[in-house]
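Chemist: Input structure: my_file_31.cif, which contains mmCIF, C-alpha atoms and all ligand atoms.
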```
data_entry
#
loop_
_atom_site.label_atom_id
_atom_site.label_comp_id
_atom_site.auth_asym_id
_atom_site.auth_seq_id
_atom_site.Cartn_x
_atom_site.Cartn_y
_atom_site.Cartn_z
CA MET B 20 0.00 0.00 0.00
CA ASN B 21 1.48 3.38 -0.97
CA LEU B 22 0.50 6.95 -0.09
CA GLU B 23 -1.35 7.67 -3.34
CA GLU B 24 -3.50 4.61 -2.93
CA ILE B 25 -4.34 5.56 0.67
CA GLN B 26 -5.19 9.11 -0.42
CA ARG B 27 -7.46 7.82 -3.22
CA ARG B 28 -9.32 5.46 -0.87
CA GLU B 29 -9.73 8.06 1.85
CA ALA B 30 -11.00 10.75 -0.55
CA ARG B 31 -13.90 8.46 -1.44
CA VAL B 32 -15.14 7.75 2.09
CA PHE B 33 -14.09 10.39 4.64
CA LEU B 34 -16.02 13.49 5.64
CA PRO B 35 -13.90 16.24 4.07
CA VAL B 36 -13.16 18.24 7.22
CA VAL B 37 -9.40 17.68 7.56
CA ASN B 38 -6.50 18.85 5.40
CA ARG B 39 -3.84 16.19 5.77
CA MET B 40 -0.12 16.31 5.22
CA PRO B 41 0.98 14.00 2.40
CA VAL B 42 2.24 11.32 4.78
CA ALA B 43 0.64 8.12 6.09
CA LEU B 44 2.08 7.05 9.43
CA VAL B 45 2.32 3.40 10.30
CA GLU B 46 4.54 3.17 13.40
CA GLY B 47 5.74 5.18 16.35
CA ARG B 48 8.47 4.57 18.90
CA GLY B 49 9.51 7.16 21.48
CA SER B 50 9.63 10.52 19.73
CA ARG B 51 9.95 9.04 16.25
CA VAL B 52 7.28 7.96 13.81
CA VAL B 53 7.64 6.06 10.55
CA ASP B 54 5.58 6.51 7.38
CA VAL B 55 4.27 3.95 4.91
CA ALA B 56 7.34 4.43 2.74
CA GLY B 57 9.65 3.65 5.69
CA ARG B 58 10.76 7.27 6.23
CA GLU B 59 11.36 8.37 9.82
CA TYR B 60 10.32 11.68 11.42
CA VAL B 61 11.00 13.34 14.77
CA ASP B 62 7.60 14.15 16.28
CA LEU B 63 7.46 17.51 18.07
CA THR B 64 3.66 17.37 18.22
CA ALA B 65 3.36 14.11 20.20
CA GLY B 66 0.05 13.50 18.43
CA TRP B 67 -1.46 16.83 19.66
CA GLY B 68 0.39 16.68 22.98
CA VAL B 69 -1.05 13.26 23.79
CA CYS B 70 1.91 10.86 23.58
CA SER B 71 3.66 12.55 26.49
CA ILE B 72 5.57 9.40 27.46
CA GLY B 73 6.51 8.81 23.80
CA HIS B 74 4.83 6.70 21.16
CA CYS B 75 4.09 3.11 22.20
CA HIS B 76 5.94 3.22 25.53
CA PRO B 77 6.50 -0.44 26.49
CA THR B 78 4.88 -0.01 29.94
CA LEU B 79 1.76 1.48 28.37
CA VAL B 80 1.63 -1.11 25.59
CA GLU B 81 1.98 -3.94 28.10
CA ALA B 82 -0.67 -2.50 30.45
CA ILE B 83 -3.17 -2.18 27.59
CA ARG B 84 -2.29 -5.63 26.26
CA GLU B 85 -2.69 -7.20 29.69
CA GLN B 86 -5.98 -5.44 30.45
CA ALA B 87 -7.34 -6.20 26.97
CA GLY B 88 -6.90 -9.88 27.67
CA ARG B 89 -8.56 -9.61 31.07
CA LEU B 90 -11.57 -7.23 30.91
CA MET B 91 -12.17 -4.49 28.36
CA GLN B 92 -15.59 -3.07 29.14
CA THR B 93 -18.37 -3.35 31.68
CA THR B 94 -21.49 -1.31 32.30
CA ASN B 95 -20.85 1.39 34.84
CA LEU B 96 -23.13 -0.49 37.25
CA PHE B 97 -20.11 -2.46 38.45
CA TYR B 98 -16.93 -1.69 40.34
CA THR B 99 -13.66 -2.18 38.47
CA LEU B 100 -10.14 -1.98 39.83
CA PRO B 101 -8.30 -0.06 37.07
CA GLN B 102 -10.81 2.76 37.37
CA LEU B 103 -10.54 2.88 41.15
CA ASP B 104 -6.72 2.88 41.02
CA ALA B 105 -6.74 5.68 38.43
CA ALA B 106 -9.23 7.75 40.43
CA GLU B 107 -7.19 7.41 43.62
CA ALA B 108 -4.02 8.32 41.76
CA LEU B 109 -5.58 11.47 40.30
CA VAL B 110 -6.97 12.57 43.65
CA ALA B 111 -3.52 11.98 45.19
CA LEU B 112 -1.79 14.17 42.62
CA ALA B 113 -4.38 16.98 42.57
CA PRO B 114 -4.27 19.62 45.30
CA ASP B 115 -7.03 19.87 47.89
CA PRO B 116 -9.96 20.30 47.62
CA LEU B 117 -10.08 18.44 44.28
CA THR B 118 -11.11 15.09 45.66
CA ARG B 119 -13.75 13.71 43.27
CA VAL B 120 -13.12 12.28 39.80
CA PHE B 121 -15.14 11.32 36.74
CA PHE B 122 -13.61 9.65 33.67
CA VAL B 123 -14.73 10.43 30.13
CA ASN B 124 -13.40 9.74 26.63
CA SER B 125 -12.11 13.09 25.37
CA GLY B 126 -11.05 16.52 26.53
CA THR B 127 -14.21 18.00 25.07
CA GLU B 128 -16.36 15.69 27.17
CA ALA B 129 -14.38 16.65 30.26
CA VAL B 130 -15.24 20.29 29.51
CA GLU B 131 -18.91 19.37 28.98
CA GLY B 132 -18.92 17.63 32.36
CA ALA B 133 -17.31 20.63 34.03
CA LEU B 134 -19.91 23.00 32.55
CA LYS B 135 -22.77 20.76 33.63
CA LEU B 136 -21.35 20.59 37.14
CA ALA B 137 -21.08 24.37 37.30
CA HIS B 138 -24.72 24.70 36.30
CA ARG B 139 -25.80 22.13 38.89
CA ALA B 140 -23.70 23.69 41.64
CA THR B 141 -24.80 27.30 41.04
CA GLY B 142 -28.17 27.03 39.28
CA ARG B 143 -26.83 29.67 36.83
CA ARG B 144 -26.42 29.58 33.04
CA GLN B 145 -23.91 32.30 32.18
CA PHE B 146 -20.33 31.22 31.42
CA VAL B 147 -17.39 33.55 31.01
CA SER B 148 -14.39 32.51 28.96
CA THR B 149 -11.31 34.05 27.38
CA GLY B 150 -10.40 35.25 23.90
CA GLN B 151 -8.44 32.71 21.83
CA SER B 152 -9.44 29.95 24.22
CA PHE B 153 -9.99 26.42 23.00
CA HIS B 154 -12.18 23.99 24.90
CA GLY B 155 -13.38 21.48 22.31
CA ARG B 156 -15.88 21.12 19.52
CA THR B 157 -19.16 19.80 20.88
CA LEU B 158 -21.95 22.35 21.13
CA GLY B 159 -21.47 22.82 24.87
CA ALA B 160 -17.71 23.31 24.55
CA LEU B 161 -18.18 25.56 21.52
CA GLY B 162 -20.56 27.54 23.70
CA VAL B 163 -17.59 28.78 25.77
CA ILE B 164 -14.88 28.80 23.15
CA GLY B 165 -13.12 32.09 22.45
CA GLN B 166 -11.99 31.30 18.90
CA ALA B 167 -14.39 32.69 16.30
CA LYS B 168 -13.11 30.42 13.52
CA HIS B 169 -14.42 27.34 15.37
CA ARG B 170 -17.49 28.98 16.87
CA ASP B 171 -18.91 31.09 14.04
CA PRO B 172 -20.05 28.28 11.72
CA TYR B 173 -22.35 27.04 14.52
CA ARG B 174 -23.31 30.43 15.95
CA ASP B 175 -27.07 29.84 15.42
CA LEU B 176 -26.98 26.82 17.70
CA LEU B 177 -24.98 28.33 20.55
CA PRO B 178 -25.64 30.57 23.52
CA GLU B 179 -23.53 33.74 23.45
CA PRO B 180 -20.68 33.31 25.93
CA LEU B 181 -19.15 36.30 27.61
CA VAL B 182 -15.60 36.37 26.24
CA VAL B 183 -12.98 38.57 27.91
CA PRO B 184 -9.34 39.09 26.90
CA PHE B 185 -7.05 36.35 28.26
CA GLY B 186 -4.76 37.58 31.03
CA ASP B 187 -6.82 40.71 31.78
CA ALA B 188 -7.99 40.35 35.40
CA ASP B 189 -9.86 43.69 35.35
CA ALA B 190 -11.90 42.62 32.33
CA ALA B 191 -12.63 39.33 34.08
CA ALA B 192 -13.69 41.18 37.24
CA ALA B 193 -16.10 43.31 35.21
CA ALA B 194 -17.63 40.23 33.55
CA ILE B 195 -17.99 37.93 36.56
CA ASP B 196 -21.16 38.69 38.52
CA ALA B 197 -24.00 37.03 40.40
CA SER B 198 -25.31 35.50 37.16
CA THR B 199 -22.01 33.73 36.41
CA ALA B 200 -22.06 29.95 36.67
CA ALA B 201 -18.32 29.67 36.03
CA PHE B 202 -15.26 31.29 34.56
CA ILE B 203 -13.45 28.75 32.40
CA VAL B 204 -9.81 29.27 31.50
CA GLU B 205 -6.70 27.40 30.40
CA PRO B 206 -3.85 28.21 32.84
CA VAL B 207 -1.68 28.42 29.70
CA GLN B 208 -3.52 28.70 26.39
CA GLY B 209 -2.36 26.01 23.97
CA GLU B 210 -4.27 26.23 20.69
CA GLY B 211 -4.66 29.99 21.15
CA GLY B 212 -0.91 30.53 20.67
CA VAL B 213 0.87 29.25 23.80
CA ASN B 214 -0.15 32.26 25.91
CA VAL B 215 1.01 32.50 29.51
CA PRO B 216 -1.04 34.87 31.69
CA PRO B 217 0.66 37.52 33.85
CA PRO B 218 1.55 36.54 37.44
CA GLY B 219 -1.37 36.92 39.79
CA TYR B 220 -4.02 36.52 37.06
CA LEU B 221 -5.32 33.14 38.21
CA ALA B 222 -5.35 34.26 41.85
CA ARG B 223 -7.48 37.26 40.95
CA LEU B 224 -9.88 35.06 39.02
CA ARG B 225 -10.18 32.91 42.12
CA GLU B 226 -11.01 35.99 44.24
CA HIS B 227 -13.61 37.33 41.81
CA CYS B 228 -15.34 33.97 41.46
CA ASP B 229 -15.41 33.49 45.23
CA ALA B 230 -16.84 36.97 45.74
CA VAL B 231 -19.97 36.18 43.68
CA GLY B 232 -20.30 32.43 44.24
CA ALA B 233 -19.23 31.52 40.70
CA LEU B 234 -17.14 28.44 40.00
CA LEU B 235 -13.62 28.59 38.59
CA ILE B 236 -12.84 25.92 36.00
CA PHE B 237 -9.29 25.28 34.81
CA ASP B 238 -9.14 23.48 31.50
CA GLU B 239 -5.89 21.52 31.82
CA VAL B 240 -6.59 19.15 28.95
CA GLN B 241 -3.42 20.36 27.25
CA THR B 242 -1.37 21.56 30.23
CA GLY B 243 -2.01 18.72 32.70
CA ILE B 244 0.11 15.68 33.59
CA GLY B 245 3.51 17.31 33.51
CA ARG B 246 3.34 19.24 30.24
CA THR B 247 4.28 22.63 31.75
CA GLY B 248 6.94 21.32 34.13
CA ARG B 249 4.45 20.86 36.98
CA MET B 250 2.08 17.93 37.32
CA LEU B 251 -0.74 20.46 36.89
CA ALA B 252 -0.11 23.93 35.46
CA MET B 253 -2.13 25.48 38.30
CA GLU B 254 0.82 24.65 40.60
CA HIS B 255 2.90 27.44 39.02
CA ASP B 256 0.55 29.94 40.68
CA GLY B 257 -0.67 27.87 43.62
CA VAL B 258 -4.30 28.56 42.67
CA VAL B 259 -6.85 25.75 42.88
CA PRO B 260 -10.08 25.81 40.86
CA ASP B 261 -13.41 24.20 41.75
CA VAL B 262 -13.19 21.92 38.71
CA VAL B 263 -10.23 20.88 36.56
CA THR B 264 -10.34 19.03 33.26
CA LEU B 265 -7.63 16.64 32.08
CA GLY B 266 -7.12 14.77 28.81
CA LYS B 267 -4.47 14.31 26.13
CA GLY B 268 -1.33 13.20 28.07
CA LEU B 269 -3.50 11.44 30.66
CA GLY B 270 -3.84 8.36 28.45
CA GLY B 271 -0.55 8.68 26.58
CA GLY B 272 -2.35 7.82 23.33
CA PHE B 273 -5.39 6.01 24.62
CA PRO B 274 -8.50 8.22 24.30
CA VAL B 275 -9.36 9.04 27.89
CA ALA B 276 -9.98 12.21 29.87
CA ALA B 277 -11.27 13.18 33.28
CA PHE B 278 -12.53 15.99 35.40
CA LEU B 279 -12.02 16.49 39.10
CA CYS B 280 -14.02 18.67 41.44
CA SER B 281 -14.27 19.63 45.06
CA GLU B 282 -16.43 17.82 47.60
CA GLY B 283 -18.78 20.81 47.73
CA VAL B 284 -19.40 20.65 43.98
CA ALA B 285 -19.73 16.87 44.04
CA GLU B 286 -22.48 17.16 46.66
CA THR B 287 -24.71 18.95 44.14
CA VAL B 288 -25.10 15.91 41.84
CA LYS B 289 -26.82 12.59 42.32
CA PRO B 290 -26.82 9.21 40.50
CA GLY B 291 -28.05 9.62 36.93
CA ASP B 292 -26.97 13.26 36.51
CA HIS B 293 -24.08 12.24 34.26
CA GLY B 294 -22.90 9.03 32.64
CA GLY B 295 -21.86 7.33 29.45
CA THR B 296 -21.24 3.91 27.94
CA TYR B 297 -17.43 4.02 28.16
CA ILE B 298 -17.14 5.98 31.41
CA GLY B 299 -14.15 4.65 33.38
CA ASN B 300 -13.58 1.91 30.80
CA PRO B 301 -11.07 -0.62 32.24
CA LEU B 302 -8.78 -0.43 29.20
CA ALA B 303 -8.70 3.36 29.27
CA THR B 304 -8.09 3.58 33.00
CA ALA B 305 -5.41 0.87 32.83
CA ALA B 306 -3.71 3.20 30.34
CA VAL B 307 -4.01 6.10 32.81
CA ASN B 308 -2.39 4.01 35.55
CA ALA B 309 0.50 3.05 33.27
CA VAL B 310 1.06 6.65 32.16
CA LEU B 311 1.08 7.95 35.73
CA GLN B 312 3.53 5.20 36.72
CA VAL B 313 5.95 6.15 33.92
CA VAL B 314 5.61 9.89 34.61
CA GLU B 315 6.50 9.27 38.25
CA GLU B 316 9.24 6.65 37.80
CA ASP B 317 11.00 8.55 35.04
CA LYS B 318 10.55 11.92 36.80
CA LEU B 319 9.05 13.38 33.63
CA VAL B 320 7.56 16.42 35.33
CA GLN B 321 10.99 17.67 36.43
CA ARG B 322 12.38 16.70 33.06
CA ALA B 323 9.75 18.80 31.25
CA ASP B 324 10.76 21.73 33.44
CA GLU B 325 14.50 21.33 32.84
CA VAL B 326 14.47 20.46 29.15
CA GLY B 327 11.74 23.05 28.57
CA SER B 328 13.97 25.77 30.06
CA LYS B 329 16.80 24.79 27.73
CA LEU B 330 14.44 24.83 24.77
CA ALA B 331 13.16 28.25 25.81
CA ALA B 332 16.72 29.57 25.99
CA ARG B 333 17.45 28.25 22.50
CA LEU B 334 14.28 29.82 21.06
CA ARG B 335 14.89 33.12 22.86
CA ALA B 336 18.45 33.28 21.56
CA PHE B 337 17.10 32.79 18.04
CA ALA B 338 14.48 35.53 18.46
CA ASP B 339 17.14 37.89 19.86
CA ALA B 340 19.50 37.16 16.97
CA HIS B 341 16.79 37.31 14.29
CA PRO B 342 14.23 39.90 15.35
CA GLU B 343 13.08 40.21 11.72
CA ARG B 344 12.03 36.54 11.79
CA ALA B 345 10.71 36.00 15.35
CA SER B 346 9.35 38.42 17.93
CA GLY B 347 9.88 36.15 20.93
CA GLU B 348 9.37 32.88 22.73
CA ARG B 349 6.72 31.95 25.28
CA GLY B 350 5.39 28.99 27.22
CA LEU B 351 6.18 26.81 30.22
CA GLY B 352 7.89 23.43 30.48
CA LEU B 353 7.55 21.51 27.24
CA LEU B 354 4.70 23.60 25.91
CA ARG B 355 6.59 26.30 24.03
CA GLY B 356 5.91 28.66 21.19
CA LEU B 357 8.18 30.68 18.92
CA VAL B 358 6.28 33.71 17.66
CA LEU B 359 7.04 34.24 13.99
CA ARG B 360 6.74 37.58 12.23
CA ASP B 361 5.61 36.33 8.86
CA ALA B 362 2.30 34.44 9.00
CA GLU B 363 2.63 33.33 5.39
CA ALA B 364 6.04 31.77 5.97
CA ALA B 365 4.68 30.27 9.20
CA ALA B 366 1.82 28.62 7.31
CA GLY B 367 4.29 26.85 5.02
CA LEU B 368 6.60 25.79 7.82
CA PRO B 369 5.00 22.45 8.82
CA ARG B 370 5.30 21.26 5.20
CA ARG B 371 8.94 22.31 4.90
CA ALA B 372 9.65 20.72 8.28
CA LEU B 373 8.06 17.53 7.06
CA ASP B 374 10.42 17.44 4.11
CA ALA B 375 13.24 17.80 6.65
CA GLY B 376 11.90 14.85 8.68
CA ILE B 377 10.19 16.79 11.49
CA LEU B 378 6.54 16.96 12.56
CA VAL B 379 5.76 20.39 13.95
CA ASN B 380 2.61 22.44 14.37
CA VAL B 381 1.90 26.14 13.84
CA THR B 382 -1.00 27.46 15.89
CA ALA B 383 -2.82 30.81 16.09
CA GLY B 384 -1.48 31.67 12.64
CA ASN B 385 2.12 32.40 13.51
CA VAL B 386 3.21 30.46 16.60
CA MET B 387 5.45 27.46 16.03
CA ARG B 388 4.35 25.21 18.87
CA PHE B 389 6.57 22.64 20.54
CA PHE B 390 4.79 20.02 22.61
CA PRO B 391 6.90 16.89 22.22
CA ALA B 392 6.97 13.82 24.44
CA LEU B 393 8.18 14.75 27.92
CA ASN B 394 10.92 12.13 27.56
CA ILE B 395 12.15 13.17 24.12
CA PRO B 396 15.94 12.65 24.03
CA GLU B 397 17.69 16.02 24.17
CA ASP B 398 19.75 15.36 21.04
CA GLU B 399 16.57 14.61 19.03
CA LEU B 400 14.83 17.70 20.34
CA PHE B 401 17.69 20.11 19.81
CA THR B 402 18.82 18.73 16.46
CA ALA B 403 15.25 19.06 15.19
CA THR B 404 14.95 22.53 16.74
CA ASP B 405 18.16 23.70 15.04
CA THR B 406 16.87 22.40 11.71
CA LEU B 407 13.59 24.26 12.19
CA LEU B 408 15.39 27.47 13.12
CA GLU B 409 17.54 27.15 9.98
CA LEU B 410 14.38 26.72 7.91
CA ILE B 411 12.89 29.84 9.48
CA GLN B 412 16.08 31.80 8.97
CA ALA B 413 16.16 30.79 5.29
CA SER B 414 12.47 31.60 4.71
C1 LIG B 501 -7.42 23.13 26.46
C2 LIG B 501 -8.20 22.13 25.66
N1 LIG B 501 -9.43 21.77 26.05
C3 LIG B 501 -10.15 20.86 25.39
C4 LIG B 501 -9.66 20.27 24.25
C5 LIG B 501 -10.48 19.25 23.52
O1 LIG B 501 -9.96 17.98 23.75
P1 LIG B 501 -10.33 16.75 22.78
O2 LIG B 501 -9.82 17.11 21.43
O3 LIG B 501 -9.65 15.57 23.41
O4 LIG B 501 -11.80 16.61 22.81
C6 LIG B 501 -8.37 20.61 23.79
C7 LIG B 501 -7.83 20.01 22.57
O5 LIG B 501 -6.91 20.49 21.97
C8 LIG B 501 -7.62 21.57 24.50
O6 LIG B 501 -6.40 21.94 24.11
#
```
Show how you would write the structure in this file as structure tokens.
Modeler:
Amino acid sequence: MNLEEIQRREARVFLPVVNRMPVALVEGRGSRVVDVAGREYVDLTAGWGVCSIGHCHPTLVEAIREQAGRLMQTTNLFYTLPQLDAAEALVALAPDPLTRVFFVNSGTEAVEGALKLAHRATGRRQFVSTGQSFHGRTLGALGVIGQAKHRDPYRDLLPEPLVVPFGDADAAAAAIDASTAAFIVEPVQGEGGVNVPPPGYLARLREHCDAVGALLIFDEVQTGIGRTGRMLAMEHDGVVPDVVTLGKGLGGGFPVAAFLCSEGVAETVKPGDHGGTYIGNPLATAAVNAVLQVVEEDKLVQRADEVGSKLAARLRAFADAHPERASGERGLGLLRGLVLRDAEAAAGLPRRALDAGILVNVTAGNVMRFFPALNIPEDELFTATDTLLELIQAS
């Protein structure tokens, strides 16, 4: 089977909503993937920040294999051990008072669950979110998304969210009032361009929400499980929300997500208020347990912090030396962005990188985003980075 044949077959049957790169991937190992023609690439996208322990980590593969041969699915009317272990592990790693967990299948569903909880806990319907935010693509998640390009095509179906500029605590204060169910925010915006808020922003959100009885939701689908050099990005500021969503790196490649909430919020729901066929699926939660084991044993949170700082220094040095090409670097841990001046050149970068054997993503139009596996070998990361910087310099 070659690429052209795959492209021809897919064009006949798939909903045409994705523009693909001209590569069909067949294998992944660590931070490298291999295409159908046998060509290898360094993956700086980790499959949208998901494969945070690398592609097909042996511990994860073995855990899934073992669980698949034992018990794959039950109704949620029964207790299962993998789910219980995963729930206890998440409660142990989350700060107080986040003591209650619910597993779902995707980040978007975690956001949906968080929004439903906020409505149940407050009885209110108004959500406030931030410009450039990304929270998923179901109607509920689109209802709080700050990115017009995703939201506008479905505008007729959605309630109008109150969207305030990200990082602006005064604007947030003006928008949060007694009608607010929750303020939802990513502690570091990923899709929106790797935006880090100013110090004190999250703490002020906490104060404003508390003052009017609104909930604070942190969407850590992209930033959670070590990505920013802390287990949870909220730890950088020491601010704890009422609800936090997790996804992506939580399953290391297996589609699983979760949300955690405080005891007080949990008390506002009863059996039947939320559910789902695959909720807490044994295979998915066995994957979570394996990922958390690897993250802990291999000290990947500290590693993301250390290697991320080196990457930041490299990107900053490039921006300083080539101000006509890049205006700066931003991010935390191994979620980093290099802000490029020329959006047109930026748009062509992933394709040129591909030709050079590197998978990289450009988000928000002009931000080259790095979110590789947290255990990517330094030589792979920095060799690929140097190649990318040369491509940018030559563009
Ligand atoms: C912060 C954030 N929330 C939610 C989502 C949606 O997650 P999923 O694509 O798993 O539904 C994403 C995906 O990129 C995200 O970055």
Chemist: If you count only C-alpha atoms and all ligand atoms, which residues end up within 9 Å of ligand LIG 501 (chain B), as a ChimeraX atom specification?
Modeler: /B:67-69,124-130,152-157,160,204-211,237-242,264-267,274-276
Chemist: List as number ranges by chain the residues having at least one atom at most 10 Å from position (-20.4, 17.7, 32.3) as given in the file, counting all atoms listed in the file.
Modeler: B: 121, 123, 127-139, 159-160, 278, 292-294
Chemist: Could you save those same residues with C-alpha atoms as an mmCIF file, in the frame of the given file?
Modeler:
```
data_model
loop_
_atom_site.group_PDB
_atom_site.id
_atom_site.type_symbol
_atom_site.label_atom_id
_atom_site.label_comp_id
_atom_site.auth_asym_id
_atom_site.auth_seq_id
_atom_site.Cartn_x
_atom_site.Cartn_y
_atom_site.Cartn_z
ATOM 1 C CA PHE B 121 -15.140 11.320 36.740
ATOM 2 C CA VAL B 123 -14.730 10.430 30.130
ATOM 3 C CA THR B 127 -14.210 18.000 25.070
ATOM 4 C CA GLU B 128 -16.360 15.690 27.170
ATOM 5 C CA ALA B 129 -14.380 16.650 30.260
ATOM 6 C CA VAL B 130 -15.240 20.290 29.510
ATOM 7 C CA GLU B 131 -18.910 19.370 28.980
ATOM 8 C CA GLY B 132 -18.920 17.630 32.360
ATOM 9 C CA ALA B 133 -17.310 20.630 34.030
ATOM 10 C CA LEU B 134 -19.910 23.000 32.550
ATOM 11 C CA LYS B 135 -22.770 20.760 33.630
ATOM 12 C CA LEU B 136 -21.350 20.590 37.140
ATOM 13 C CA ALA B 137 -21.080 24.370 37.300
ATOM 14 C CA HIS B 138 -24.720 24.700 36.300
ATOM 15 C CA ARG B 139 -25.800 22.130 38.890
ATOM 16 C CA GLY B 159 -21.470 22.820 24.870
ATOM 17 C CA ALA B 160 -17.710 23.310 24.550
ATOM 18 C CA PHE B 278 -12.530 15.990 35.400
ATOM 19 C CA ASP B 292 -26.970 13.260 36.510
ATOM 20 C CA HIS B 293 -24.080 12.240 34.260
ATOM 21 C CA GLY B 294 -22.900 9.030 32.640
#
```
Chemist: Looking at all atoms listed in the file, which of B:Val326, B:Gly49, B:Leu109, B:Asp175 is the one that sits closest to B:Val61?
Modeler: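 For B:Val61, the nearest of the candidates is B:Gly49.
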Chemist: Using the file's own x, y and z axes, so that the box edges lie along x, y and z, what centre and edge lengths in Å (one decimal) does a box around every listed atom of stretch 398-405 of chain B get when 4 Å is added on each side? Give it as AutoDock Vina command-line options.
Modeler:
```
--center_x 17.3 --center_y 19.2 --center_z 18.0 --size_x 12.9 --size_y 17.1 --size_z 14.0
```
Chemist: Could you please give me, as a list in words, the residues of protein, DNA or RNA lying at most 6 Å from (-20.9, 37.4, 32.6) in the coordinate frame of the file, considering only C-alpha atoms?
Modeler: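 Here the neighbourhood of the point contains Gln145, Val147, Leu181, Ala194, Ile195 and Thr199 of chain B.
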Chemist: Select, from B:Glu29, B:Glu23, B:Glu282, B:Glu316, the residue with the minimum atom-to-atom distance to B:Pro41, counting all atoms listed in the file.
Modeler: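 Closest candidate: B:Glu23.
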Chemist: Check the smallest atom-to-atom distance from each of B:Ala252, B:Ala113, B:Ala190, B:Val314 to B:Gly271 using all atoms listed in the file, then report the winner.
Modeler: B:Val314
Chemist: Tell me which protein, DNA and RNA residues are within 10 Å of B:Tyr220, counting all atoms listed in the file, leaving out same-chain ones fewer than 3 positions away, and put them as a list in words.
Modeler: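 Residues near the query, excluding close chain neighbours: Phe185, Gly186, Asp187, Ala188, Asp189, Ala191, Pro206, Val215, Pro216, Pro217, Arg223, Leu224, Arg225, Asp256 and Val258 of chain B.
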Chemist: If I take atom CA of B:Leu353 and atom CA of B:Ala365, how far is one from the other in Å, to one decimal?
Modeler: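 We find that atom CA of B:Leu353 and atom CA of B:Ala365 lie 20.3 Å from each other.
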Chemist: Show which residues sit within 10 Å of B:Ala106, as a VMD selection string. Count all atoms listed in the file, and ignore same-chain residues fewer than 2 positions away.
Modeler: chain B and resid 100 to 104 108 to 111 118 to 122 277 279 299 304 307 to 308
Chemist: If we count all atoms listed in the file and set the cut-off at 6 Å, which residues sit around B:Ser50, ignoring sequence neighbours fewer than 2 positions away in its own chain? Please answer as a PyMOL selection string.
Modeler: chain B and resi 61-62+73+395
Chemist: Which residue gives the smallest distance to B:Thr406 among B:Ala366, B:Val379, B:Leu117, B:Leu393, with only C-alpha atoms counted?
Modeler: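 Distance minimum relative to B:Thr406 lands on B:Val379.
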Chemist: Just the number, please: distance in Å from atom CA of B:Met253 to atom CA of B:Leu351, one decimal.
Modeler: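 Spanning atom CA of B:Met253 to atom CA of B:Leu351 is a straight-line distance of 11.7 Å.
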Chemist: Can you measure atom CA of B:Lys329 to atom CA of B:Leu408 for me? One decimal in Å is fine.
Modeler: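 Between atom CA of B:Lys329 and atom CA of B:Leu408 the gap works out to 14.9 Å.
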Chemist: Compile the contact shell of stretch 338-350 of chain B as an MDAnalysis selection string: residues with an atom at most 9 Å away, counting only C-alpha atoms, same-chain residues fewer than 5 positions apart removed.
Modeler: chainID B and resid 207:209 213:215 247 327 331:333 355:361 411:412 414
Chemist: Ranking B:Glu46, B:Glu254, B:Asp398, B:Asp324 by minimum distance to B:Asp115 and counting only C-alpha atoms, which one comes first?
Modeler: B:Glu254
Chemist: With all atoms listed in the file as the basis for distance, which of B:Glu179, B:Glu363, B:Glu59, B:Asp229 is at the shortest distance from B:Ala197?
Modeler: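 Looking only at the distances to B:Ala197, the closest residue turns out to be B:Asp229.
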Chemist: List as a PyMOL selection string the protein and nucleic acid residues near B:Arg39, meaning an atom at most 12 Å away when only C-alpha atoms are counted, but skip any in the same chain fewer than 4 places from it.
Modeler: chain B and resi 22+25-26+29-30+33+35+43-44+369-370
